[in-house]
Every structure is written in structure tokens, then in C-alpha cells.
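protein.cif follows; it contains mmCIF, C-alpha atoms; chains and numbers go by the auth columns.
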```cif
data_run
#
loop_
_atom_site.group_PDB
_atom_site.id
_atom_site.type_symbol
_atom_site.label_atom_id
_atom_site.label_comp_id
_atom_site.label_asym_id
_atom_site.label_seq_id
_atom_site.Cartn_x
_atom_site.Cartn_y
_atom_site.Cartn_z
_atom_site.B_iso_or_equiv
_atom_site.auth_seq_id
_atom_site.auth_asym_id
ATOM 1 C CA MET A 1 37.208 -0.280 -37.204 0.00 23 A
ATOM 2 C CA GLN A 2 38.311 -0.305 -33.552 0.00 24 A
ATOM 3 C CA PRO A 3 41.520 -2.126 -32.695 0.00 25 A
ATOM 4 C CA LYS A 4 41.080 -5.212 -30.547 0.00 26 A
ATOM 5 C CA SER A 5 41.847 -4.599 -26.873 0.00 27 A
ATOM 6 C CA ASP A 6 43.227 -7.117 -24.435 0.00 28 A
ATOM 7 C CA ARG A 7 41.450 -5.391 -21.585 0.00 29 A
ATOM 8 C CA ALA A 8 38.657 -7.018 -19.628 0.00 30 A
ATOM 9 C CA SER A 9 35.536 -5.119 -18.657 0.00 31 A
ATOM 10 C CA PRO A 10 36.063 -2.236 -16.255 0.00 32 A
ATOM 11 C CA VAL A 11 36.286 -2.886 -12.551 0.00 33 A
ATOM 12 C CA CYS A 12 32.934 -2.638 -10.761 0.00 34 A
ATOM 13 C CA TYR A 13 32.861 -0.791 -7.465 0.00 35 A
ATOM 14 C CA ALA A 14 29.179 -1.423 -6.742 0.00 36 A
ATOM 15 C CA GLU A 15 30.007 -3.132 -3.437 0.00 37 A
ATOM 16 C CA GLN A 16 31.583 0.124 -2.255 0.00 38 A
ATOM 17 C CA ALA A 17 28.782 2.400 -3.445 0.00 39 A
ATOM 18 C CA ASP A 18 26.560 4.264 -1.019 0.00 40 A
ATOM 19 C CA ALA A 19 23.292 2.428 -0.252 0.00 41 A
ATOM 20 C CA ALA A 20 21.216 5.375 -1.495 0.00 42 A
ATOM 21 C CA TYR A 21 23.150 5.396 -4.782 0.00 43 A
ATOM 22 C CA MET A 22 22.292 1.723 -5.218 0.00 44 A
ATOM 23 C CA GLY A 23 18.590 2.406 -4.579 0.00 45 A
ATOM 24 C CA GLN A 24 18.754 0.939 -1.094 0.00 46 A
ATOM 25 C CA LEU A 25 17.800 2.528 2.176 0.00 47 A
ATOM 26 C CA PRO A 26 20.530 3.810 4.442 0.00 48 A
ATOM 27 C CA ARG A 27 20.516 2.194 7.902 0.00 49 A
ATOM 28 C CA GLU A 28 18.745 5.077 9.656 0.00 50 A
ATOM 29 C CA GLU A 29 15.928 5.194 7.087 0.00 51 A
ATOM 30 C CA LEU A 30 15.512 1.422 7.263 0.00 52 A
ATOM 31 C CA LEU A 31 15.335 1.602 11.053 0.00 53 A
ATOM 32 C CA ALA A 32 12.690 4.337 10.847 0.00 54 A
ATOM 33 C CA ALA A 33 10.620 2.247 8.416 0.00 55 A
ATOM 34 C CA LEU A 34 10.922 -0.863 10.593 0.00 56 A
ATOM 35 C CA GLU A 35 9.935 1.120 13.681 0.00 57 A
ATOM 36 C CA GLU A 36 6.901 2.564 11.885 0.00 58 A
ATOM 37 C CA LEU A 37 5.824 -0.942 10.888 0.00 59 A
ATOM 38 C CA LEU A 38 6.395 -2.203 14.437 0.00 60 A
ATOM 39 C CA GLU A 39 4.118 0.491 15.860 0.00 61 A
ATOM 40 C CA ALA A 40 1.449 -0.430 13.308 0.00 62 A
ATOM 41 C CA GLU A 41 1.762 -4.153 14.040 0.00 63 A
ATOM 42 C CA ARG A 42 1.464 -3.556 17.783 0.00 64 A
ATOM 43 C CA ALA A 43 -1.690 -1.545 17.137 0.00 65 A
ATOM 44 C CA GLY A 44 -3.090 -4.291 14.906 0.00 66 A
ATOM 45 C CA ALA A 45 -2.313 -6.962 17.500 0.00 67 A
ATOM 46 C CA ARG A 46 -4.104 -5.012 20.217 0.00 68 A
ATOM 47 C CA VAL A 47 -7.117 -4.320 18.003 0.00 69 A
ATOM 48 C CA ALA A 48 -7.380 -7.987 17.041 0.00 70 A
ATOM 49 C CA GLU A 49 -7.005 -9.125 20.669 0.00 71 A
ATOM 50 C CA GLU A 50 -9.655 -6.741 21.969 0.00 72 A
ATOM 51 C CA THR A 51 -11.979 -7.529 19.073 0.00 73 A
ATOM 52 C CA VAL A 52 -11.717 -11.308 19.607 0.00 74 A
ATOM 53 C CA ALA A 53 -13.072 -10.799 23.114 0.00 75 A
ATOM 54 C CA GLN A 54 -16.138 -9.032 21.701 0.00 76 A
ATOM 55 C CA LEU A 55 -17.000 -11.321 18.796 0.00 77 A
ATOM 56 C CA GLN A 56 -19.717 -13.951 19.239 0.00 78 A
ATOM 57 C CA ASP A 57 -19.422 -15.825 15.947 0.00 79 A
ATOM 58 C CA PRO A 58 -16.895 -18.691 16.305 0.00 80 A
ATOM 59 C CA ALA A 59 -15.625 -18.311 12.724 0.00 81 A
ATOM 60 C CA GLU A 60 -15.045 -14.576 13.173 0.00 82 A
ATOM 61 C CA ARG A 61 -13.346 -15.197 16.524 0.00 83 A
ATOM 62 C CA ALA A 62 -11.038 -17.790 14.965 0.00 84 A
ATOM 63 C CA LEU A 63 -10.181 -15.485 12.076 0.00 85 A
ATOM 64 C CA MET A 64 -9.453 -12.550 14.372 0.00 86 A
ATOM 65 C CA GLU A 65 -7.354 -14.787 16.643 0.00 87 A
ATOM 66 C CA ASP A 66 -5.320 -15.908 13.604 0.00 88 A
ATOM 67 C CA ILE A 67 -4.748 -12.274 12.692 0.00 89 A
ATOM 68 C CA ARG A 68 -3.748 -11.459 16.261 0.00 90 A
ATOM 69 C CA ARG A 69 -1.201 -14.294 16.233 0.00 91 A
ATOM 70 C CA ASP A 70 0.164 -13.061 12.914 0.00 92 A
ATOM 71 C CA GLU A 71 0.483 -9.498 14.176 0.00 93 A
ATOM 72 C CA VAL A 72 2.357 -10.708 17.268 0.00 94 A
ATOM 73 C CA LYS A 73 4.628 -12.827 15.053 0.00 95 A
ATOM 74 C CA TRP A 74 5.462 -9.830 12.867 0.00 96 A
ATOM 75 C CA CYS A 75 6.096 -7.667 15.933 0.00 97 A
ATOM 76 C CA ALA A 76 8.688 -10.210 17.071 0.00 98 A
ATOM 77 C CA MET A 77 10.253 -10.337 13.615 0.00 99 A
ATOM 78 C CA LEU A 78 10.470 -6.532 13.399 0.00 100 A
ATOM 79 C CA ILE A 79 12.008 -6.331 16.873 0.00 101 A
ATOM 80 C CA ALA A 80 14.617 -8.917 15.827 0.00 102 A
ATOM 81 C CA ALA A 81 15.318 -7.017 12.593 0.00 103 A
ATOM 82 C CA ILE A 82 15.823 -3.751 14.479 0.00 104 A
ATOM 83 C CA LYS A 83 18.135 -5.465 16.968 0.00 105 A
ATOM 84 C CA SER A 84 20.088 -7.067 14.111 0.00 106 A
ATOM 85 C CA LEU A 85 20.889 -3.523 12.986 0.00 107 A
ATOM 86 C CA ASP A 86 22.314 -2.800 16.462 0.00 108 A
ATOM 87 C CA ALA A 87 19.392 -0.591 17.462 0.00 109 A
ATOM 88 C CA LYS A 88 16.904 -0.690 20.298 0.00 110 A
ATOM 89 C CA PRO A 89 13.231 -1.128 19.289 0.00 111 A
ATOM 90 C CA GLY A 90 10.826 1.465 20.615 0.00 112 A
ATOM 91 C CA SER A 91 7.774 0.572 22.646 0.00 113 A
ATOM 92 C CA ARG A 92 5.135 2.809 21.060 0.00 114 A
ATOM 93 C CA THR A 93 1.827 1.533 19.730 0.00 115 A
ATOM 94 C CA GLY A 94 0.464 3.267 16.652 0.00 116 A
ATOM 95 C CA ALA A 95 -2.539 5.596 16.776 0.00 117 A
ATOM 96 C CA PHE A 96 -4.428 3.075 14.646 0.00 118 A
ATOM 97 C CA HIS A 97 -5.396 1.222 17.827 0.00 119 A
ATOM 98 C CA GLY A 98 -7.420 4.110 19.249 0.00 120 A
ATOM 99 C CA LYS A 99 -9.067 4.852 15.919 0.00 121 A
ATOM 100 C CA ALA A 100 -10.078 1.225 15.406 0.00 122 A
ATOM 101 C CA MET A 101 -11.382 0.731 18.932 0.00 123 A
ATOM 102 C CA ALA A 102 -13.563 3.817 18.573 0.00 124 A
ATOM 103 C CA ILE A 103 -15.568 1.850 15.982 0.00 125 A
ATOM 104 C CA ALA A 104 -18.271 0.043 17.971 0.00 126 A
ATOM 105 C CA ASP A 105 -19.718 -1.947 15.051 0.00 127 A
ATOM 106 C CA LEU A 106 -17.539 -5.069 14.952 0.00 128 A
ATOM 107 C CA PRO A 107 -17.823 -5.817 11.211 0.00 129 A
ATOM 108 C CA ALA A 108 -16.995 -2.158 10.514 0.00 130 A
ATOM 109 C CA ARG A 109 -14.004 -2.463 12.840 0.00 131 A
ATOM 110 C CA MET A 110 -12.869 -5.604 10.997 0.00 132 A
ATOM 111 C CA ALA A 111 -13.140 -3.713 7.702 0.00 133 A
ATOM 112 C CA PHE A 112 -11.118 -0.854 9.228 0.00 134 A
ATOM 113 C CA LEU A 113 -8.505 -3.344 10.427 0.00 135 A
ATOM 114 C CA ASN A 114 -8.338 -4.616 6.866 0.00 136 A
ATOM 115 C CA ARG A 115 -7.626 -1.086 5.638 0.00 137 A
ATOM 116 C CA GLY A 116 -4.803 -0.964 8.162 0.00 138 A
ATOM 117 C CA GLN A 117 -3.483 -4.251 6.818 0.00 139 A
ATOM 118 C CA ALA A 118 -3.641 -2.768 3.303 0.00 140 A
ATOM 119 C CA TRP A 119 -1.604 0.235 4.525 0.00 141 A
ATOM 120 C CA VAL A 120 1.059 -2.193 5.771 0.00 142 A
ATOM 121 C CA VAL A 121 1.008 -3.964 2.394 0.00 143 A
ATOM 122 C CA ARG A 122 1.626 -0.672 0.570 0.00 144 A
ATOM 123 C CA LYS A 123 4.470 0.199 2.950 0.00 145 A
ATOM 124 C CA LEU A 124 6.054 -3.217 2.482 0.00 146 A
ATOM 125 C CA GLU A 125 5.708 -3.101 -1.305 0.00 147 A
ATOM 126 C CA ALA A 126 7.651 0.169 -1.314 0.00 148 A
ATOM 127 C CA LEU A 127 10.180 -0.947 1.299 0.00 149 A
ATOM 128 C CA VAL A 128 11.174 -4.472 0.270 0.00 150 A
ATOM 129 C CA PRO A 129 13.005 -3.571 -2.969 0.00 151 A
ATOM 130 C CA LYS A 130 15.128 -1.041 -1.057 0.00 152 A
ATOM 131 C CA VAL A 131 16.325 -3.404 1.683 0.00 153 A
ATOM 132 C CA LYS A 132 19.846 -4.680 1.120 0.00 154 A
ATOM 133 C CA GLU A 133 19.942 -6.978 4.158 0.00 155 A
ATOM 134 C CA ALA A 134 18.837 -10.317 2.686 0.00 156 A
ATOM 135 C CA GLY A 135 17.469 -11.800 5.916 0.00 157 A
ATOM 136 C CA ILE A 136 15.401 -8.726 6.694 0.00 158 A
ATOM 137 C CA GLN A 137 14.183 -8.532 3.109 0.00 159 A
ATOM 138 C CA ASP A 138 13.085 -12.195 3.200 0.00 160 A
ATOM 139 C CA ASP A 139 11.204 -11.640 6.473 0.00 161 A
ATOM 140 C CA LEU A 140 9.498 -8.532 5.113 0.00 162 A
ATOM 141 C CA LEU A 141 8.437 -10.462 2.006 0.00 163 A
ATOM 142 C CA ALA A 142 6.908 -13.173 4.187 0.00 164 A
ATOM 143 C CA MET A 143 5.114 -10.470 6.177 0.00 165 A
ATOM 144 C CA LEU A 144 3.803 -8.970 2.930 0.00 166 A
ATOM 145 C CA VAL A 145 2.409 -12.314 1.769 0.00 167 A
ATOM 146 C CA ALA A 146 0.766 -12.968 5.148 0.00 168 A
ATOM 147 C CA HIS A 147 -0.882 -9.539 5.196 0.00 169 A
ATOM 148 C CA ARG A 148 -2.272 -10.034 1.704 0.00 170 A
ATOM 149 C CA GLU A 149 -3.681 -13.415 2.746 0.00 171 A
ATOM 150 C CA ASN A 150 -5.261 -11.946 5.883 0.00 172 A
ATOM 151 C CA ILE A 151 -6.861 -9.164 3.862 0.00 173 A
ATOM 152 C CA ASP A 152 -8.384 -11.740 1.531 0.00 174 A
ATOM 153 C CA ARG A 153 -9.647 -13.859 4.444 0.00 175 A
ATOM 154 C CA VAL A 154 -11.341 -10.894 6.119 0.00 176 A
ATOM 155 C CA GLU A 155 -12.901 -9.763 2.836 0.00 177 A
ATOM 156 C CA VAL A 156 -14.323 -13.261 2.269 0.00 178 A
ATOM 157 C CA ARG A 157 -15.662 -13.409 5.835 0.00 179 A
ATOM 158 C CA LEU A 158 -17.280 -9.968 5.639 0.00 180 A
ATOM 159 C CA ALA A 159 -18.810 -10.773 2.245 0.00 181 A
ATOM 160 C CA ALA A 160 -20.223 -14.057 3.597 0.00 182 A
ATOM 161 C CA ALA A 161 -21.771 -12.150 6.476 0.00 183 A
ATOM 162 C CA GLY A 162 -23.262 -9.627 4.045 0.00 184 A
ATOM 163 C CA LYS A 163 -21.038 -6.811 5.322 0.00 185 A
ATOM 164 C CA PRO A 164 -19.058 -4.426 3.109 0.00 186 A
#
```

Please, can you express the file's structure as C-alpha cells?
Amino acid sequence: MQPKSDRASPVCYAEQADAAYMGQLPREELLAALEELLEAERAGARVAEETVAQLQDPAERALMEDIRRDEVKWCAMLIAAIKSLDAKPGSRTGAFHGKAMAIADLPARMAFLNRGQAWVVRKLEALVPKVKEAGIQDDLLAMLVAHRENIDRVEVRLAAAGKP
């Protein structure tokens, strides 16, 4: 039998541990991930804006305008997050824009935009658990939820229109 000890549990130095050790992204990796998302959101915003101008159906136009507004909102949030880490956001737009705009068939372009939204969802699902900055993590979670909702809305609209 072990003798009783008057000692408390050992001191925890988790607060002092390296972010990577704690399963969190170091600042530079977080900045790179946020910048990648910002480029994708800019591309999505441009695709949605240019697509709205080409759509005839009022319901599709309204949906695409909602998505455009969301993309712009998330661009602003990502810019603020990057600045909160004392970094300067880049100004690049992702290559997704050119690829999407090369699709002339508007329902096919909307489906492609949805695949882009799904890419963002996958990125966010991997990123969120590794973000130690609570405010940024909360914003990224809200962005994740909004992207999932937009994907569902586009899928419903395309299905109603008889498009894949």
C-alpha cells in the first residue's frame, strides 16, 4: 500500500506549451490558412456577383445575391482576423473565379460554386479545432455554419429546377 502524500496534483504548464504541441496552429500557419480562405472568399464573391447579373430567374438571383453578401461578409471577417494577428491581408483573388466563370451554363456554374463552398467547409472543419484565438475560432465556426446552409440552399434550388 502506498503511503498517503500531502502533495497536490503536479503543476500544469500547458499555458506555456508551444501551440503546435497543444494541437494548435502557430501564428504563421494560421495566417496562411486565413489568407487562403480570404482568396477563396474573394473568388466566390466575384463569381456570385457576376452570376447574379446573368441570371433571369428572380429566385435564383435572390439566392445568388444572398451568397454574394455572405462571401463579402466573410471576406471582411477574415481581413479583420488577419489584422488582429498584426498582419497585413493580401489582395489576391483565388483561381476559382476564372474556373467558375469559364462555365457558361449558369446552373452548372452554381453547382461548381457549391463545390467551392464545400471546399471551404472542409478547410474550416480542419482549421477550427486548431485555432487557439477564441474570437477567430468563433467567427470561423459561424462561417462554417453559413457555408453549410448556403450549400443546402443551392442544392434545393438546383433540384427544384431539375438540375444536378

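Considering only C-alpha atoms, the residue among A:Ala130, A:Ala67, A:Ile158, A:Ala122 positioned nearest to A:Asp88 is A:Ala67.
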
For this session: Report the residues retrieved by the PyMOL selection byres ((chain A and resi 131) around 12) from the displayed file, expressed as a PyMOL selection string.
Result: chain A and resi 66+69-70+72-74+76-77+86+118-130+132-138+176+180+185-186

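Here the question is which of A:Ala81, A:Leu52, A:Ala109, A:Ala65 gets nearest to A:Gln159 using only C-alpha atoms, and that residue is A:Leu52.
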
Exercise. When the PyMOL selection byres ((chain A and resi 143) around 12) is applied to the file above, which residues end up in the set, as a ChimeraX atom specification?
Worked result: /A:59,62-63,136-142,144-150,162-173

Exercise. A:Ala117, A:Ala183, A:Leu60, A:Ala84: which is nearest A:Cys97, counting only C-alpha atoms?
Worked result: A:Leu60

Exercise. Can you list what the PyMOL selection byres ((chain A and resi 113) around 10) grabs from this structure, as a list in words?
Worked result: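 Output from the PyMOL selection byres ((chain A and resi 113) around 10), applied to this file: Glu57, Leu60, Glu61, Arg64, Ile101, Lys110, Pro111, Gly112, Arg114, Thr115 and Gly116 of chain A.
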
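When all atoms listed in the file are used to compute distances to A:Arg90, the closest of the residues A:Lys105, A:Lys152, A:Arg179, A:Arg68 turns out to be A:Arg68.
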
For this session: Figure out the distance between atom CA of A:Asp161 and atom CA of A:Trp96, please, to one decimal in Å.
Result: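 If I compute the distance from atom CA of A:Trp96 to atom CA of A:Asp161, I get 8.8 Å.
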
For this session: Pick out the closest residue to A:Leu107 from this set: A:Asp79, A:Glu50, A:Asp160, A:Glu71. Count all atoms listed in the file.
Result: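 The answer is A:Glu50, which sits nearest to A:Leu107.
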
Problem set entry | Atomic separation - atom CA of A:Ala156 relative to atom CA of A:Glu93, Å |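 About the pair atom CA of A:Glu93 and atom CA of A:Ala156: they are 21.7 Å apart.
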
For this session: Would you work out the distance separating atom CA of A:Gly184 from atom CA of A:Arg91, expressed in Å to one decimal?
Result: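 If I compute the distance from atom CA of A:Gly184 to atom CA of A:Arg91, I get 25.6 Å.
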
Could N, CA, C and O atoms be built for stretch 128-147 of chain A and written out as a compact mmCIF listing (two decimals), in the frame of the given file?
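Saved as part.txt:
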```txt
# COMPACT_ATOMS: atom_id res chain seq x y z
N LEU A 128 -18.66 -4.14 15.12
CA LEU A 128 -17.54 -5.07 14.95
C LEU A 128 -17.21 -5.38 13.49
O LEU A 128 -16.03 -5.39 13.13
N PRO A 129 -18.18 -5.62 12.62
CA PRO A 129 -17.82 -5.82 11.21
C PRO A 129 -17.16 -4.57 10.61
O PRO A 129 -16.21 -4.69 9.83
N ALA A 130 -17.63 -3.39 11.00
CA ALA A 130 -17.00 -2.16 10.51
C ALA A 130 -15.57 -2.05 11.04
O ALA A 130 -14.66 -1.59 10.33
N ARG A 131 -15.36 -2.48 12.28
CA ARG A 131 -14.00 -2.46 12.84
C ARG A 131 -13.11 -3.45 12.09
O ARG A 131 -11.94 -3.16 11.82
N MET A 132 -13.66 -4.63 11.76
CA MET A 132 -12.87 -5.60 11.00
C MET A 132 -12.50 -5.04 9.62
O MET A 132 -11.37 -5.23 9.15
N ALA A 133 -13.43 -4.34 8.99
CA ALA A 133 -13.14 -3.71 7.70
C ALA A 133 -12.06 -2.63 7.86
O ALA A 133 -11.18 -2.49 7.01
N PHE A 134 -12.12 -1.88 8.96
CA PHE A 134 -11.12 -0.85 9.23
C PHE A 134 -9.75 -1.50 9.47
O PHE A 134 -8.73 -1.02 8.98
N LEU A 135 -9.75 -2.61 10.20
CA LEU A 135 -8.51 -3.34 10.43
C LEU A 135 -7.93 -3.80 9.09
O LEU A 135 -6.72 -3.74 8.88
N ASN A 136 -8.79 -4.21 8.19
CA ASN A 136 -8.34 -4.62 6.87
C ASN A 136 -7.69 -3.45 6.12
O ASN A 136 -6.71 -3.64 5.40
N ARG A 137 -8.24 -2.26 6.28
CA ARG A 137 -7.63 -1.09 5.64
C ARG A 137 -6.25 -0.83 6.24
O ARG A 137 -5.31 -0.43 5.54
N GLY A 138 -6.11 -1.08 7.53
CA GLY A 138 -4.80 -0.96 8.16
C GLY A 138 -3.83 -1.99 7.62
O GLY A 138 -2.65 -1.70 7.39
N GLN A 139 -4.32 -3.21 7.41
CA GLN A 139 -3.48 -4.25 6.82
C GLN A 139 -3.05 -3.84 5.40
O GLN A 139 -1.92 -4.08 5.00
N ALA A 140 -3.96 -3.22 4.66
CA ALA A 140 -3.64 -2.77 3.30
C ALA A 140 -2.58 -1.66 3.34
O ALA A 140 -1.72 -1.59 2.45
N TRP A 141 -2.63 -0.80 4.35
CA TRP A 141 -1.60 0.24 4.53
C TRP A 141 -0.25 -0.42 4.71
O TRP A 141 0.75 -0.01 4.10
N VAL A 142 -0.20 -1.47 5.55
CA VAL A 142 1.06 -2.19 5.77
C VAL A 142 1.55 -2.81 4.46
O VAL A 142 2.74 -2.75 4.15
N VAL A 143 0.64 -3.38 3.69
CA VAL A 143 1.01 -3.96 2.39
C VAL A 143 1.66 -2.91 1.50
O VAL A 143 2.71 -3.15 0.90
N ARG A 144 1.05 -1.74 1.42
CA ARG A 144 1.63 -0.67 0.57
C ARG A 144 3.01 -0.26 1.07
O ARG A 144 3.93 -0.06 0.27
N LYS A 145 3.17 -0.15 2.37
CA LYS A 145 4.47 0.20 2.95
C LYS A 145 5.51 -0.86 2.61
O LYS A 145 6.63 -0.55 2.24
N LEU A 146 5.12 -2.13 2.77
CA LEU A 146 6.05 -3.22 2.48
C LEU A 146 6.41 -3.28 1.00
O LEU A 146 7.57 -3.53 0.65
N GLU A 147 5.43 -3.08 0.14
CA GLU A 147 5.71 -3.10 -1.30
C GLU A 147 6.74 -2.05 -1.69
O GLU A 147 7.58 -2.28 -2.56
```
